[in-house]
Amino acid sequence: MPITRKVQSSLLLLFIFLMAQSNHAQVTTPGTRARRLLGGYSQVDTDNLQVIQGAKAVVESLRKGGGEDISIDLPKTSDGGDLRIKVLEASSQVVAGMNFKMKIAVFAGEQCIGGLSPIVFRDLQGTYSVTSYGEDIPCETVREMLGSNEEEDE
């Protein structure tokens, strides 16, 4: 039974669509990194210096009164006392500069005072600015994330 021109056209379109979709898929093989769509976010190490600088920029912005919609209450001392920041997750996106999407936890000493999921932009001159503070992360969730991160490190 011969294939009609309409069926041939439909099959060709389906083939082109599937090929285009395969280019968007994440490709991994053992021992290699994931290949992602250009312009998308890619996971980065939480101890990356640029990520840490971005997290510090978030806290500095909060100290200056930014983030009215979040519930983290930073200590009022000018030096921050024993304020500690822990980056829980991070990913980056190349733009005209770099966007960092992260989840961070803020501690006063050993006491969790909250977490948030900001996006920070680093321009081409190396200046950091907070694009979004994201949503609050409750301390209970922070503790769960820290527990799973420690298990992954082992």
# chains A, B, ... in the order shown; residues from 1 in each chain; ligands from 1
>>> residues_around(residues="A:Ala55", least_positions_apart="5", cutoff="9 Å", atoms="only C-alpha atoms", output="PDB file with C-alpha atoms, in the first residue's frame")
ATOM      1  CA  GLN A  50      31.265  33.841  42.629  1.00  0.00           C
ATOM      2  CA  GLU A  60      24.423  43.019  52.490  1.00  0.00           C
ATOM      3  CA  ILE A  85      25.779  32.091  55.389  1.00  0.00           C
ATOM      4  CA  LYS A  86      25.543  28.607  53.904  1.00  0.00           C
ATOM      5  CA  VAL A  87      24.814  28.101  50.202  1.00  0.00           C
ATOM      6  CA  MET A 102      20.601  29.813  44.752  1.00  0.00           C
ATOM      7  CA  LYS A 103      19.146  28.605  47.992  1.00  0.00           C
ATOM      8  CA  ILE A 104      20.921  30.001  51.017  1.00  0.00           C
ATOM      9  CA  PRO A 118      17.482  34.615  45.621  1.00  0.00           C
ATOM     10  CA  VAL A 120      21.770  37.487  41.959  1.00  0.00           C
TER      11      VAL A 120
END
>>> residues_around(residues="A:Gly39", least_positions_apart="3", cutoff="8 Å", atoms="only C-alpha atoms", output="JSON, numbers by chain")
{"A": [93, 94, 95]}
>>> write_last_selection(atoms="N, CA, C and O atoms", output="compact mmCIF listing (two decimals), in the first residue's frame")
# COMPACT_ATOMS: atom_id res chain seq x y z
N GLN A 93 23.56 31.04 35.07
CA GLN A 93 23.07 31.26 33.72
C GLN A 93 23.90 32.36 33.10
O GLN A 93 24.02 33.46 33.68
N VAL A 94 24.48 32.09 31.95
CA VAL A 94 25.26 33.10 31.25
C VAL A 94 24.30 34.02 30.52
O VAL A 94 23.47 33.58 29.75
N VAL A 95 24.42 35.31 30.82
CA VAL A 95 23.66 36.36 30.14
C VAL A 95 24.70 37.42 29.78
O VAL A 95 25.85 37.07 29.59
>>> atom_distance(atom1="atom CA of A:Gly54", atom2="atom CA of A:Tyr128")
6.3 Å
>>> closest_residue(among="A:Met98, A:Glu110, A:Leu88, A:Ser129", to="A:Thr141", atoms="only C-alpha atoms")
A:Leu88
>>> residues_around(residues="A:Ile119", least_positions_apart="3", cutoff="6 Å", atoms="only C-alpha atoms", output="PyMOL selection string")
chain A and resi 100-101+131-132
>>> atom_distance(atom1="atom CA of A:Asp69", atom2="atom CA of A:Val106")
16.3 Å
>>> closest_residue(among="A:Val130, A:Leu83, A:Gln111, A:Leu124", to="A:Ser61", atoms="only C-alpha atoms")
A:Val130
>>> atom_distance(atom1="atom CA of A:Ala105", atom2="atom CA of A:Glu140")
10.9 Å
>>> select_by_dssp(residues="stretch 87-140 of chain A", states="strand (DSSP E or B)", output="NGL selection string")
:A and (87-95 or 97-108 or 111-116 or 119-122 or 128-132 or 136-137)
